[in-house]
file data34.cif (mmCIF, C-alpha atoms)
data_final
#
loop_
_atom_site.label_atom_id
_atom_site.label_comp_id
_atom_site.auth_asym_id
_atom_site.auth_seq_id
_atom_site.Cartn_x
_atom_site.Cartn_y
_atom_site.Cartn_z
CA MET A 1 0.00 0.00 0.00
CA PRO A 2 1.50 3.40 -0.95
CA THR A 3 2.45 5.59 2.00
CA LYS A 4 2.45 8.82 0.00
CA ILE A 5 0.03 10.01 -2.70
CA GLU A 6 0.82 13.16 -4.69
CA THR A 7 -2.15 15.27 -5.85
CA ARG A 8 -2.56 18.76 -7.31
CA LEU A 9 -3.87 20.04 -4.00
CA GLY A 10 -1.23 18.50 -1.81
CA THR A 11 0.34 15.30 -0.52
CA ILE A 12 -1.60 12.60 1.30
CA ARG A 13 0.52 10.46 3.61
CA ILE A 14 -0.57 7.29 5.37
CA GLU A 15 1.31 6.72 8.61
CA ARG A 16 1.15 3.85 11.07
CA ARG A 17 -0.04 4.94 14.50
CA LEU A 18 2.37 4.20 17.32
CA THR A 19 -0.30 4.22 20.03
CA TYR A 20 -4.09 4.16 20.15
CA SER A 21 -5.95 4.06 23.45
CA ARG A 22 -8.60 1.45 24.24
CA LEU A 23 -11.18 4.19 24.73
CA ALA A 24 -10.43 5.69 21.33
CA SER A 25 -10.51 2.21 19.79
CA ALA A 26 -13.94 1.48 21.24
CA ALA A 27 -15.21 4.91 20.17
CA THR A 28 -13.93 4.36 16.61
CA THR A 29 -15.63 0.98 16.32
CA LEU A 30 -18.91 2.35 17.72
CA THR A 31 -18.79 5.35 15.36
CA ALA A 32 -18.12 3.12 12.36
CA PHE A 33 -21.03 0.87 13.32
CA LEU A 34 -23.44 3.80 13.78
CA LEU A 35 -22.39 5.33 10.46
CA SER A 36 -22.98 1.99 8.74
CA LEU A 37 -26.50 1.89 10.19
CA LEU A 38 -27.11 5.41 8.93
CA VAL A 39 -26.06 4.45 5.39
CA VAL A 40 -28.17 1.29 5.58
CA ALA A 41 -31.16 3.35 6.73
CA VAL A 42 -30.81 5.71 3.76
CA ILE A 43 -30.57 2.82 1.30
CA LEU A 44 -33.58 1.05 2.80
CA ARG A 45 -35.60 4.26 2.60
CA VAL A 46 -34.59 4.74 -1.04
CA ILE A 47 -35.81 1.26 -2.00
CA GLY A 48 -39.11 1.85 -0.16
CA LEU A 49 -38.56 -0.10 3.08
CA ASP A 50 -38.94 0.99 6.69
CA PRO A 51 -35.48 1.28 8.32
CA ALA A 52 -36.89 1.31 11.86
CA ARG A 53 -38.64 -2.01 11.30
CA ALA A 54 -35.51 -3.52 9.73
CA PHE A 55 -33.35 -2.47 12.69
CA ALA A 56 -35.96 -3.84 15.07
CA VAL A 57 -35.69 -7.21 13.32
CA ILE A 58 -31.89 -7.10 13.62
CA GLY A 59 -32.16 -6.21 17.31
CA GLU A 60 -34.54 -9.09 17.96
CA VAL A 61 -31.87 -11.52 16.79
CA PHE A 62 -29.89 -10.75 19.94
CA LEU A 63 -32.93 -10.60 22.26
CA VAL A 64 -35.21 -13.48 21.24
CA PRO A 65 -33.82 -16.76 22.68
CA ARG A 66 -34.57 -18.84 19.57
CA LEU A 67 -32.86 -16.35 17.25
CA LEU A 68 -29.99 -15.83 19.66
CA SER A 69 -29.43 -19.58 19.73
CA GLU A 70 -29.30 -19.63 15.94
CA SER A 71 -26.86 -16.70 16.00
CA VAL A 72 -24.57 -18.60 18.34
CA LYS A 73 -24.71 -21.65 16.06
CA GLN A 74 -23.79 -19.51 13.07
CA SER A 75 -20.94 -17.95 15.02
CA ILE A 76 -19.08 -21.15 15.95
CA PRO A 77 -17.36 -21.84 12.58
CA ILE A 78 -16.55 -18.13 12.34
CA CYS A 79 -15.08 -18.14 15.85
CA LEU A 80 -12.96 -21.27 15.43
CA SER A 81 -11.64 -20.07 12.07
CA ALA A 82 -10.90 -16.60 13.46
CA LEU A 83 -8.98 -18.13 16.37
CA GLY A 84 -6.86 -20.01 13.86
CA LEU A 85 -6.32 -16.85 11.86
CA ALA A 86 -5.28 -15.03 15.04
CA ILE A 87 -2.36 -17.45 15.35
CA ALA A 88 -1.38 -17.04 11.71
CA PHE A 89 -1.71 -13.26 11.71
CA LYS A 90 0.32 -13.00 14.92
CA MET A 91 3.32 -14.39 13.04
CA ASN A 92 2.61 -12.16 10.02
CA TYR A 93 1.42 -15.17 8.01
CA TRP A 94 -1.56 -13.97 5.97
CA ASN A 95 -3.76 -17.05 5.81
CA ILE A 96 -6.66 -16.20 3.48
CA GLY A 97 -7.57 -19.87 3.14
CA ALA A 98 -9.77 -20.47 6.18
CA GLU A 99 -12.70 -21.12 3.87
CA GLY A 100 -10.90 -23.99 2.16
CA GLN A 101 -9.66 -25.33 5.49
CA ILE A 102 -13.26 -25.30 6.73
CA TYR A 103 -14.29 -27.43 3.74
CA MET A 104 -11.46 -29.87 4.37
CA GLY A 105 -12.61 -30.17 7.98
CA MET A 106 -16.11 -30.98 6.72
CA ILE A 107 -14.66 -33.66 4.43
CA ALA A 108 -12.71 -35.23 7.28
CA ALA A 109 -15.70 -35.28 9.64
CA THR A 110 -17.99 -36.75 6.98
CA GLY A 111 -15.40 -39.36 6.09
CA VAL A 112 -15.35 -40.61 9.68
CA VAL A 113 -19.16 -40.84 9.72
CA LEU A 114 -19.16 -42.79 6.45
CA LEU A 115 -16.53 -45.22 7.75
CA HIS A 116 -18.74 -45.86 10.74
CA ALA A 117 -21.99 -46.10 8.76
CA TYR A 118 -20.72 -48.42 6.01
CA TYR A 119 -17.92 -50.38 7.68
CA ASN A 120 -18.65 -50.05 11.42
CA LEU A 121 -14.95 -49.58 12.16
CA PHE A 122 -15.41 -48.03 15.60
CA HIS A 123 -17.97 -47.55 18.35
CA GLU A 124 -20.52 -44.73 18.22
CA SER A 125 -19.05 -43.15 21.36
CA MET A 126 -15.80 -42.56 19.43
CA LEU A 127 -17.45 -40.66 16.57
CA LEU A 128 -17.15 -37.08 17.81
CA PRO A 129 -13.59 -37.41 19.17
CA LEU A 130 -12.40 -39.03 15.94
CA MET A 131 -14.25 -36.48 13.81
CA THR A 132 -12.63 -33.65 15.77
CA ILE A 133 -9.14 -35.12 15.41
CA ALA A 134 -9.61 -35.85 11.70
CA SER A 135 -10.99 -32.36 11.02
CA PHE A 136 -8.12 -30.72 12.87
CA ILE A 137 -5.49 -32.80 11.07
CA LEU A 138 -6.91 -32.39 7.56
CA GLY A 139 -7.61 -28.67 7.99
CA GLY A 140 -4.10 -28.21 9.40
CA ALA A 141 -2.53 -30.24 6.61
CA TRP A 142 -4.36 -28.13 4.01
CA CYS A 143 -2.84 -24.96 5.46
CA LEU A 144 0.49 -26.69 5.97
CA ILE A 145 0.83 -27.01 2.18
CA THR A 146 1.12 -23.24 1.92
CA GLY A 147 3.23 -23.15 5.08
CA ILE A 148 5.81 -25.43 3.45
CA LEU A 149 5.84 -23.30 0.31
CA LYS A 150 6.31 -20.19 2.44
CA ALA A 151 8.98 -21.62 4.73
CA LYS A 152 11.02 -23.47 2.12
CA LEU A 153 10.52 -21.49 -1.08
CA ASN A 154 9.31 -18.11 0.24
CA VAL A 155 6.12 -18.36 -1.86
CA ASN A 156 3.52 -15.70 -1.06
CA GLU A 157 0.94 -17.37 1.21
CA ILE A 158 -1.89 -14.99 0.28
CA LEU A 159 -2.18 -16.37 -3.25
CA THR A 160 -1.67 -20.03 -2.35
CA THR A 161 -4.13 -20.09 0.54
CA LEU A 162 -6.71 -18.26 -1.55
CA MET A 163 -6.39 -20.62 -4.52
CA LEU A 164 -6.63 -23.71 -2.32
CA ASN A 165 -10.06 -22.48 -1.19
CA TYR A 166 -11.48 -23.24 -4.63
CA VAL A 167 -9.80 -26.64 -4.75
CA ALA A 168 -11.41 -27.64 -1.44
CA ILE A 169 -14.85 -26.35 -2.45
CA LEU A 170 -14.75 -28.22 -5.76
CA LEU A 171 -13.56 -31.36 -3.98
CA VAL A 172 -16.66 -31.27 -1.77
CA ASP A 173 -18.83 -30.79 -4.86
CA TYR A 174 -17.25 -33.85 -6.47
CA LEU A 175 -17.73 -36.03 -3.39
CA VAL A 176 -21.40 -35.18 -2.77
CA HIS A 177 -22.27 -35.47 -6.46
CA GLY A 178 -20.32 -38.72 -6.75
CA PRO A 179 -19.02 -41.35 -4.33
CA TRP A 180 -20.43 -39.82 -1.12
CA ARG A 181 -23.94 -39.09 -2.39
CA ASP A 182 -26.67 -40.57 -0.20
CA PRO A 183 -28.12 -43.61 -2.05
CA LYS A 184 -31.46 -42.84 -0.41
CA GLY A 185 -31.32 -39.12 -1.12
CA TYR A 186 -33.41 -39.19 -4.33
CA GLY A 187 -30.43 -38.05 -6.38
CA PHE A 188 -29.78 -34.85 -4.41
CA PRO A 189 -26.09 -34.00 -3.86
CA LEU A 190 -26.06 -34.75 -0.13
CA SER A 191 -24.19 -37.16 2.09
CA ILE A 192 -26.08 -39.43 4.46
CA GLU A 193 -27.51 -37.71 7.51
CA PHE A 194 -25.23 -37.85 10.53
CA PRO A 195 -26.36 -40.07 13.43
CA ASP A 196 -27.14 -38.34 16.72
CA GLN A 197 -23.83 -39.53 18.20
CA ALA A 198 -22.02 -37.55 15.50
CA LYS A 199 -23.81 -34.27 16.18
CA LEU A 200 -22.61 -31.43 18.40
CA GLN A 201 -25.40 -31.59 20.94
CA PHE A 202 -23.92 -33.29 23.99
CA LEU A 203 -24.51 -30.21 26.19
CA PHE A 204 -28.23 -29.87 27.02
CA GLY A 205 -28.98 -31.41 23.63
CA SER A 206 -28.28 -28.00 22.08
CA PRO A 207 -25.83 -27.42 19.22
CA ALA A 208 -25.62 -23.74 20.25
CA CYS A 209 -24.62 -24.51 23.86
CA THR A 210 -22.25 -27.26 22.77
CA GLY A 211 -20.68 -25.12 20.07
CA LEU A 212 -20.28 -22.18 22.46
CA LEU A 213 -18.50 -24.44 24.93
CA VAL A 214 -16.16 -25.65 22.18
CA ALA A 215 -15.49 -22.04 21.10
CA VAL A 216 -14.70 -20.89 24.65
CA VAL A 217 -12.39 -23.86 25.26
CA ALA A 218 -10.64 -23.19 21.93
CA ALA A 219 -10.24 -19.49 22.84
CA ALA A 220 -8.74 -20.46 26.20
CA LEU A 221 -6.28 -22.84 24.52
CA VAL A 222 -5.23 -20.25 21.94
CA PHE A 223 -4.83 -17.63 24.67
CA CYS A 224 -2.62 -19.97 26.72
CA VAL A 225 -0.53 -20.98 23.69
CA LEU A 226 0.09 -17.39 22.62
CA ASP A 227 0.70 -15.93 26.09
CA TYR A 228 2.21 -18.73 28.16
CA THR A 229 4.18 -21.04 25.86
CA ARG A 230 7.51 -20.82 24.10
CA LEU A 231 5.80 -21.44 20.76
CA GLY A 232 3.48 -18.49 21.33
CA PHE A 233 6.42 -16.24 22.17
CA GLU A 234 8.28 -17.39 19.06
CA ILE A 235 5.20 -16.82 16.89
CA LYS A 236 5.01 -13.22 18.12
CA VAL A 237 8.72 -12.62 17.54
CA VAL A 238 8.52 -14.02 13.99
CA GLY A 239 5.54 -11.75 13.37
CA GLN A 240 7.44 -8.70 14.61
CA SER A 241 10.71 -9.32 12.80
CA LEU A 242 12.14 -12.30 10.93
CA ARG A 243 15.61 -10.83 11.31
CA VAL A 244 15.33 -10.65 15.10
CA ALA A 245 13.91 -14.18 15.24
CA ARG A 246 16.84 -15.57 13.24
CA TYR A 247 19.35 -13.53 15.27
CA ALA A 248 17.88 -15.04 18.44
CA GLY A 249 18.51 -18.52 17.05
CA MET A 250 14.86 -19.41 16.40
CA ASN A 251 14.01 -22.00 13.77
CA VAL A 252 11.80 -19.73 11.67
CA SER A 253 10.78 -22.45 9.20
CA LYS A 254 9.65 -24.75 12.01
CA ILE A 255 7.64 -21.95 13.64
CA ILE A 256 5.90 -21.10 10.36
CA LEU A 257 5.05 -24.76 9.79
CA LEU A 258 3.66 -25.24 13.31
CA GLY A 259 1.74 -21.96 13.22
CA SER A 260 0.18 -22.67 9.84
CA PHE A 261 -0.81 -26.18 10.93
CA LEU A 262 -2.51 -24.89 14.10
CA SER A 263 -4.24 -22.14 12.13
CA GLY A 264 -5.67 -24.53 9.55
CA GLY A 265 -6.51 -27.12 12.18
CA LEU A 266 -8.80 -24.75 14.08
CA ALA A 267 -10.54 -23.78 10.86
CA GLY A 268 -10.95 -27.49 10.11
CA VAL A 269 -12.74 -27.95 13.43
CA GLY A 270 -14.90 -25.01 12.35
CA GLY A 271 -15.89 -27.17 9.37
CA LEU A 272 -16.83 -29.95 11.77
CA SER A 273 -19.15 -27.54 13.59
CA ILE A 274 -21.00 -26.87 10.32
CA VAL A 275 -21.74 -30.44 9.29
CA SER A 276 -22.15 -31.69 12.85
CA GLY A 277 -23.82 -28.72 14.54
CA ILE A 278 -25.67 -26.74 11.86
CA ILE A 279 -26.53 -28.92 8.85
CA GLY A 280 -26.17 -32.51 10.02
CA ARG A 281 -24.67 -33.72 6.73
CA LEU A 282 -22.33 -32.63 3.95
CA ARG A 283 -23.72 -30.68 1.00
CA PRO A 284 -22.43 -28.24 -1.64
CA GLY A 285 -22.01 -24.65 -0.50
CA ALA A 286 -22.21 -25.67 3.16
CA SER A 287 -20.27 -22.57 4.17
CA PRO A 288 -21.75 -19.21 3.13
CA GLY A 289 -18.34 -17.60 3.51
CA TYR A 290 -17.60 -18.26 7.18
CA GLY A 291 -13.87 -18.37 6.45
CA TYR A 292 -13.88 -14.94 4.83
CA THR A 293 -15.99 -13.47 7.62
CA ALA A 294 -13.45 -14.89 10.08
CA ILE A 295 -10.80 -12.60 8.57
CA ILE A 296 -12.90 -9.58 9.49
CA VAL A 297 -13.64 -10.97 12.95
CA ALA A 298 -9.97 -11.66 13.71
CA SER A 299 -9.05 -8.13 12.63
CA LEU A 300 -11.93 -6.54 14.51
CA ALA A 301 -10.95 -8.40 17.69
CA GLY A 302 -7.36 -7.25 17.40
CA LEU A 303 -6.29 -10.94 17.37
CA ASN A 304 -7.45 -11.22 21.00
CA PRO A 305 -8.94 -14.74 21.48
CA TRP A 306 -11.58 -13.62 23.98
CA LEU A 307 -12.73 -10.71 21.83
CA VAL A 308 -12.89 -13.13 18.88
CA VAL A 309 -15.68 -15.03 20.67
CA ALA A 310 -17.75 -11.88 21.22
CA ALA A 311 -17.17 -10.52 17.70
CA SER A 312 -18.08 -13.90 16.20
CA ILE A 313 -21.44 -13.92 17.97
CA PHE A 314 -22.12 -10.42 16.66
CA PHE A 315 -21.37 -11.43 13.08
CA GLY A 316 -23.30 -14.67 13.52
CA GLY A 317 -26.22 -12.50 14.55
CA LEU A 318 -25.87 -10.45 11.37
CA LEU A 319 -26.03 -13.63 9.30
CA THR A 320 -29.13 -14.76 11.19
CA ALA A 321 -30.66 -11.31 10.79
CA GLY A 322 -30.34 -11.65 7.03
CA GLY A 323 -32.68 -14.63 7.05
CA ALA A 324 -35.04 -12.92 9.48
CA LEU A 325 -35.25 -9.86 7.24
CA GLN A 326 -36.06 -12.02 4.24
CA ALA A 327 -38.82 -13.82 6.13
CA SER A 328 -40.44 -10.87 7.91
CA MET A 329 -40.00 -8.01 5.43
CA ASN A 330 -39.66 -9.90 2.15
CA ILE A 331 -36.31 -8.26 1.54
CA PRO A 332 -34.42 -9.93 -1.33
CA ARG A 333 -31.38 -11.98 -0.38
CA ALA A 334 -29.15 -9.59 -2.36
CA ALA A 335 -30.40 -6.67 -0.24
CA THR A 336 -29.65 -8.47 3.03
CA GLN A 337 -26.17 -9.31 1.79
CA MET A 338 -25.72 -5.66 0.88
CA ILE A 339 -26.69 -4.62 4.42
CA GLN A 340 -24.20 -7.06 5.90
CA ALA A 341 -21.48 -5.92 3.49
CA ILE A 342 -21.98 -2.24 4.37
CA ILE A 343 -21.66 -2.98 8.09
CA PHE A 344 -18.58 -5.10 7.46
CA LEU A 345 -17.04 -2.39 5.26
CA PHE A 346 -17.49 0.42 7.79
CA ILE A 347 -16.07 -1.70 10.59
CA LEU A 348 -13.05 -2.51 8.42
CA VAL A 349 -12.55 1.18 7.69
CA GLY A 350 -12.68 1.81 11.42
CA GLU A 351 -10.02 -0.84 11.99
CA PHE A 352 -7.84 0.80 9.33
CA LEU A 353 -8.16 4.20 11.03
CA LYS A 354 -7.13 2.65 14.34
CA ARG A 355 -3.86 1.45 12.84
CA TYR A 356 -3.10 4.30 10.45
CA ARG A 357 -3.61 8.04 10.27
CA ILE A 358 -4.04 10.07 7.11
CA VAL A 359 -2.06 13.31 6.93
CA PHE A 360 -2.73 15.96 4.26
CA GLU A 361 0.00 18.43 3.34
CA ARG A 362 -0.62 21.38 1.04
CA GLY A 363 1.62 22.08 -1.91
CA GLY A 364 1.36 19.01 -4.12
CA ARG A 365 2.57 18.48 -7.66
CA THR A 366 1.98 21.11 -10.33
#

call {"tool": "encode", "arguments": {"input": "data34.cif", "output": "structure tokens"}}
result
Amino acid sequence: MPTKIETRLGTIRIERRLTYSRLASAATTLTAFLLSLLVVAVILRVIGLDPARAFAVIGEVFLVPRLLSESVKQSIPICLSALGLAIAFKMNYWNIGAEGQIYMGMIAATGVVLLHAYYNLFHESMLLPLMTIASFILGGAWCLITGILKAKLNVNEILTTLMLNYVAILLVDYLVHGPWRDPKGYGFPLSIEFPDQAKLQFLFGSPACTGLLVAVVAAALVFCVLDYTRLGFEIKVVGQSLRVARYAGMNVSKIILLGSFLSGGLAGVGGLSIVSGIIGRLRPGASPGYGYTAIIVASLAGLNPWLVVAASIFFGGLLTAGGALQASMNIPRAATQMIQAIIFLFILVGEFLKRYRIVFERGGRT
């Protein structure tokens, strides 16, 4: 990104802020959110809809227990993926492939269910533990591919992680249209339905409560790894300066490989939460972009694991609100996506302004 832009009126410089207080950070986020609501209100009024009613529907998502439960369910894959991204971003490894890692986690979890259903290789009580391990390993391995390319060949991880997203999505499409299609599914591209023992509902029989517990435990583990382990310290040093890390005798390649594996593994478990906690089977397009939303959540939370949980629930609520707006106000799906995108955009702009300041100097080019 250019740090200096010459114009006829003057020079625009973009400078990184050295400090930014927590109060100012909170005020910036709140201002960005309120401005996004103002823009949304204007757009809704222009297209002939009542903004007050639309905002009431959005507010109900966080107040009505049934809708709040759905919001929490929607937030779990976002949260787990964002926690993984927090690890990657801490070491300045720009993992844009959480979406693909989510899909690989779904493949792994479904594969375990199919092995049980068709070959009865293990007891039902082992389903969820094995699904979790398989999802973590396959999601981590998917990200590790780009980690190896980065560590050994210095290949840009942004491009490789992004491209692998499409490979994973197409792989799921192939499986559910082909070998994994339910023989009793009337030709629809779906896997068999997961048995109850393979669903995330062991806490009060609720996927929302179970998923929230998993998210909180994952946040605690990530917090402990980053703040209280040698690996976490090394990840932070690598993120601050590769030169310092090498001067201190750290094995930078090993740290990148471990960090990328942990990042992808958490996103893979996020995939498990989709097929096991939200849908109950594998199908095409199972993720409506959870992995991409996780990038925003991780940035909004400042890579803080605990704030990731809260931000994920907020964004899960926005996803739920989109469906509620369609049902109650007959708003087209494109319009609800536009509302979500505007809110996301303003919050991202707020995050940019927290990290950088824009300075204008008169006397530009002639």

call {"tool": "closest_atom_pairs", "arguments": {"input": "data34.cif", "of": "range 170-236 of chain A", "to": "range 260-277 of chain A", "cutoff": "9 Å", "atoms": "all atoms listed in the file", "output": "Markdown table"}}
result
| residue | atom | partner | partner_atom | distance |
| --- | --- | --- | --- | --- |
| A:Phe194 | CA | A:Ser276 | CA | 7.3 |
| A:Ala198 | CA | A:Ser276 | CA | 6.4 |
| A:Lys199 | CA | A:Ser276 | CA | 4.5 |
| A:Leu200 | CA | A:Gly277 | CA | 4.9 |
| A:Gln201 | CA | A:Gly277 | CA | 7.2 |
| A:Ser206 | CA | A:Gly277 | CA | 8.8 |
| A:Pro207 | CA | A:Gly277 | CA | 5.3 |
| A:Ala208 | CA | A:Gly277 | CA | 7.8 |
| A:Thr210 | CA | A:Gly277 | CA | 8.5 |
| A:Gly211 | CA | A:Ser273 | CA | 7.1 |
| A:Ala218 | CA | A:Leu266 | CA | 8.2 |

call {"tool": "closest_residue", "arguments": {"input": "data34.cif", "among": "A:Leu282, A:Met163, A:Ile256, A:Gly105", "to": "Arg181 in chain A", "atoms": "all atoms listed in the file"}}
result
A:Leu282

call {"tool": "resolve_selection", "arguments": {"input": "data34.cif", "expression": "the PyMOL selection byres ((chain A and resi 360) around 7)", "output": "PyMOL selection string"}}
result
chain A and resi 10-13+358-359+361-362

call {"tool": "residues_near_point", "arguments": {"input": "data34.cif", "point": "(-29.0, -10.6, 12.5)", "cutoff": "8 Å", "atoms": "only C-alpha atoms", "output": "NGL selection string"}}
result
:A and (57-62 or 71 or 315-324)

call {"tool": "resolve_selection", "arguments": {"input": "data34.cif", "expression": "the PyMOL selection byres ((chain A and resi 192) around 10)", "output": "list in words"}}
result
Thr110, Val113, Leu114, Ala117, Val176, Trp180, Arg181, Asp182, Pro183, Lys184, Gly185, Pro189, Leu190, Ser191, Glu193, Phe194, Pro195, Gly280, Arg281, Leu282 and Arg283 of chain A

call {"tool": "closest_residue", "arguments": {"input": "data34.cif", "among": "A:Lys90, A:Arg45, A:Arg357, A:His123", "to": "Gly259 in chain A", "atoms": "all atoms listed in the file"}}
result
A:Lys90

call {"tool": "resolve_selection", "arguments": {"input": "data34.cif", "expression": "the PyMOL selection byres ((chain A and resi 31-44) around 7)", "output": "JSON, numbers by chain"}}
result
{"A": [27, 28, 29, 30, 45, 46, 47, 48, 49, 50, 51, 339, 342, 343, 346, 347, 350]}

call {"tool": "write_last_selection", "arguments": {"input": "data34.cif", "atoms": "C-alpha atoms", "output": "PDB file, keeping the file's coordinate frame"}}
result
ATOM      1  CA  ALA A  27     -15.210   4.910  20.170  1.00  0.00           C
ATOM      2  CA  THR A  28     -13.930   4.360  16.610  1.00  0.00           C
ATOM      3  CA  THR A  29     -15.630   0.980  16.320  1.00  0.00           C
ATOM      4  CA  LEU A  30     -18.910   2.350  17.720  1.00  0.00           C
ATOM      5  CA  ARG A  45     -35.600   4.260   2.600  1.00  0.00           C
ATOM      6  CA  VAL A  46     -34.590   4.740  -1.040  1.00  0.00           C
ATOM      7  CA  ILE A  47     -35.810   1.260  -2.000  1.00  0.00           C
ATOM      8  CA  GLY A  48     -39.110   1.850  -0.160  1.00  0.00           C
ATOM      9  CA  LEU A  49     -38.560  -0.100   3.080  1.00  0.00           C
ATOM     10  CA  ASP A  50     -38.940   0.990   6.690  1.00  0.00           C
ATOM     11  CA  PRO A  51     -35.480   1.280   8.320  1.00  0.00           C
ATOM     12  CA  ILE A 339     -26.690  -4.620   4.420  1.00  0.00           C
ATOM     13  CA  ILE A 342     -21.980  -2.240   4.370  1.00  0.00           C
ATOM     14  CA  ILE A 343     -21.660  -2.980   8.090  1.00  0.00           C
ATOM     15  CA  PHE A 346     -17.490   0.420   7.790  1.00  0.00           C
ATOM     16  CA  ILE A 347     -16.070  -1.700  10.590  1.00  0.00           C
ATOM     17  CA  GLY A 350     -12.680   1.810  11.420  1.00  0.00           C
TER      18      GLY A 350
END

call {"tool": "closest_atom_pairs", "arguments": {"input": "data34.cif", "of": "range 110-227 of chain A", "to": "range 307-314 of chain A", "cutoff": "10 Å", "atoms": "all atoms listed in the file", "output": "Markdown table"}}
result
| residue | atom | partner | partner_atom | distance |
| --- | --- | --- | --- | --- |
| A:Leu212 | CA | A:Val309 | CA | 8.7 |
| A:Ala215 | CA | A:Val309 | CA | 7.0 |
| A:Val216 | CA | A:Val309 | CA | 7.2 |
| A:Ala218 | CA | A:Val309 | CA | 9.7 |
| A:Ala219 | CA | A:Val309 | CA | 7.4 |

call {"tool": "atom_distance", "arguments": {"input": "data34.cif", "atom1": "CA of Gly147 in chain A", "atom2": "CA of Ala301 in chain A"}}
result
24.0 Å

call {"tool": "atom_distance", "arguments": {"input": "data34.cif", "atom1": "CA of Glu351 in chain A", "atom2": "CA of Thr19 in chain A"}}
result
13.6 Å

call {"tool": "closest_residue", "arguments": {"input": "data34.cif", "among": "A:Tyr186, A:Tyr103, A:Phe223, A:Tyr228", "to": "Ala168 in chain A", "atoms": "all atoms listed in the file"}}
result
A:Tyr103

call {"tool": "closest_residue", "arguments": {"input": "data34.cif", "among": "A:Gly139, A:Gly187, A:Gly239, A:Gly178", "to": "Trp94 in chain A", "atoms": "only C-alpha atoms"}}
result
A:Gly239

call {"tool": "axis_aligned_box", "arguments": {"input": "data34.cif", "around": "range 81-100 of chain A", "padding_each_side": "8 Å", "output": "AutoDock Vina command-line options"}}
result
--center_x -4.7 --center_y -18.1 --center_z 9.3 --size_x 32.0 --size_y 27.8 --size_z 30.2

call {"tool": "atom_distance", "arguments": {"input": "data34.cif", "atom1": "CA of Val222 in chain A", "atom2": "CA of Leu138 in chain A"}}
result
18.9 Å

call {"tool": "closest_residue", "arguments": {"input": "data34.cif", "among": "A:Trp306, A:Phe344, A:Phe122, A:Phe55", "to": "Tyr292 in chain A", "atoms": "all atoms listed in the file"}}
result
A:Phe344

call {"tool": "closest_residue", "arguments": {"input": "data34.cif", "among": "A:Pro332, A:Cys143, A:Ile5, A:Gly302", "to": "Arg355 in chain A", "atoms": "only C-alpha atoms"}}
result
A:Gly302

call {"tool": "build_atoms", "arguments": {"input": "data34.cif", "residues": "range 199-211 of chain A", "atoms": "N, CA and C atoms", "output": "compact mmCIF listing (two decimals), in the coordinates of the input"}}
result
# COMPACT_ATOMS: atom_id res chain seq x y z
N LYS A 199 -23.37 -35.66 16.21
CA LYS A 199 -23.81 -34.27 16.18
C LYS A 199 -23.35 -33.54 17.44
N LEU A 200 -23.05 -32.26 17.28
CA LEU A 200 -22.61 -31.43 18.40
C LEU A 200 -23.81 -31.01 19.23
N GLN A 201 -24.25 -31.89 20.11
CA GLN A 201 -25.40 -31.59 20.94
C GLN A 201 -25.30 -32.30 22.30
N PHE A 202 -24.07 -32.55 22.74
CA PHE A 202 -23.92 -33.29 23.99
C PHE A 202 -24.16 -32.43 25.21
N LEU A 203 -24.23 -31.09 25.06
CA LEU A 203 -24.51 -30.21 26.19
C LEU A 203 -25.95 -29.71 26.10
N PHE A 204 -26.80 -30.23 26.99
CA PHE A 204 -28.23 -29.87 27.02
C PHE A 204 -28.94 -30.20 25.72
N GLY A 205 -28.37 -31.05 24.91
CA GLY A 205 -28.98 -31.41 23.63
C GLY A 205 -29.06 -30.25 22.67
N SER A 206 -28.22 -29.23 22.88
CA SER A 206 -28.28 -28.00 22.08
C SER A 206 -26.98 -27.79 21.32
N PRO A 207 -27.04 -27.73 19.99
CA PRO A 207 -25.83 -27.42 19.22
C PRO A 207 -25.25 -26.04 19.56
N ALA A 208 -26.11 -25.08 19.91
CA ALA A 208 -25.62 -23.74 20.25
C ALA A 208 -24.81 -23.78 21.54
N CYS A 209 -25.35 -24.42 22.58
CA CYS A 209 -24.62 -24.51 23.86
C CYS A 209 -23.34 -25.31 23.70
N THR A 210 -23.43 -26.42 22.98
CA THR A 210 -22.25 -27.26 22.77
C THR A 210 -21.20 -26.51 21.98
N GLY A 211 -21.62 -25.86 20.90
CA GLY A 211 -20.68 -25.12 20.07
C GLY A 211 -20.04 -23.97 20.83
